[in-house]
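What follows is a set of notes on a single structure, which appears directly below.
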Amino acid sequence: MPDVLCHQKLCQARGTGEQVYMFKYTARAGEEKAFDTMVQQIAHGFYNMQTGITDIRVCHPREGEAAFCITFTGKNDMEKFKTGPALDARRRLATVCEPVEESFVSGCLMPDAHTLCTLIDRLKQVITAKTCVEHDVEGVRAEICKWYPRREEWEKFIIWDEDNTKYTRNLMYSDEFMDVILMCWPAGCHSTIHDHDESSCWAFCLEGEVTEVQYHMPTFDRSFIEPEAKQGAVGRCTSLKRKKTSVLMPGDCAYVSNCLGLHQVCNKTDKPAFTVHVYAPGLRRCKVFAELGDVSILSLARPLMTSKNGVKSDLWTTNTNPDGIIDVGAWNSYQSGRAG
């Protein structure tokens, strides 16, 4: 698949590959009744053709007019039809019909594909639950994968970090049930390893290539009591074990939640990449992890937005970490306190 999905034609990117052939004929004056009888016979033959054909429609708007719309499994089947049955029909109609077809067109069958606006409207209908365990994961993924992303729809949301080393989180839409975020990944950057609290996360690749690494959920020590933990609270857990690694290309959609484990997203290429993430509900806190030998440390953090609706946030600075920061100093103080 090409690096940039929107450089493909809609029908190539989202279609089935079916080909459509449409043509129309009009009877000569005084030949309407003979024309209609002949069209009825031809239509009967077309309707009973099966091999290589997925759909046949014949429109008879008025006496002496007929339009045909026939869908084929592929271009080769369409071309055979045009030089076979369609040519035979044309020859038969020539005795009662105008000498030239009034219209003719053929091409790929256009699929049902979302624009960004219709995608968000549809997600508002299907995402109404407050926790990941209640979501129709595959149903939402199917809607996201129906999106044919045109760059002019989403490029207005692109905001880069000033030093161009960190990925950015740019809010495109938000309500009580979800956030839709454009993430911009400079070459060589990566997120921290993190969880998603009670949220579902669907990640859809727009341009470029990103690598997602999923980890099994570790076991936390008893001192890290999540309901009482505040932002910046630090604890430890067992070592992180990789579960799977996936490379997301344009058009691919991954899913993760705490039911599946943790994940990290990386741009391992030398080119920028863009992904859209749907968090349901919006991610207001998460645990971020750092590996330290046979154990790992974690911190409770609040992910920040780089921008909202294309306007950069005042809270975003060159020192901002999009995932939140593990406070190593707090960890050391905590460990010293325990030792004492």
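Lettering and numbering for the structure tokens are positional, with chains as A, B, ... in the shown order, residues counted from 1 in each chain, and ligands counted from 1 in the shown order.
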Mind the document's chain letters and residue numbers, and return as a PyMOL selection string the residues of segment 104-229 of chain A that DSSP labels alpha helix (DSSP H).
chain A and resi 116-126+137-145+151-154
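Near segment 174-183 of chain A, within 9 Å and counting only C-alpha atoms, sit Ile120, Leu123, Lys124, Ile127, Thr128, Ala129, Lys130, Trp154, Phe157, Ile158, Ile159, Tyr167, Thr168, Ser199, Ala273, Phe274, Thr275, Val276, His277, Val278, Tyr279, Ala280, Pro281, Gly282, Leu283 and Met305 of chain A, not including residues fewer than 6 positions from it in the same chain.
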So, with only C-alpha atoms as the atoms that count, which of A:Lys146, A:Arg141, A:His135, A:Lys82 lies closest to His114 of chain A?
A:Lys146
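Minimum distance to Phe35 of chain A across A:Glu207, A:Asp195, A:Glu98, A:Asp314 (counting only C-alpha atoms) occurs at A:Glu98.
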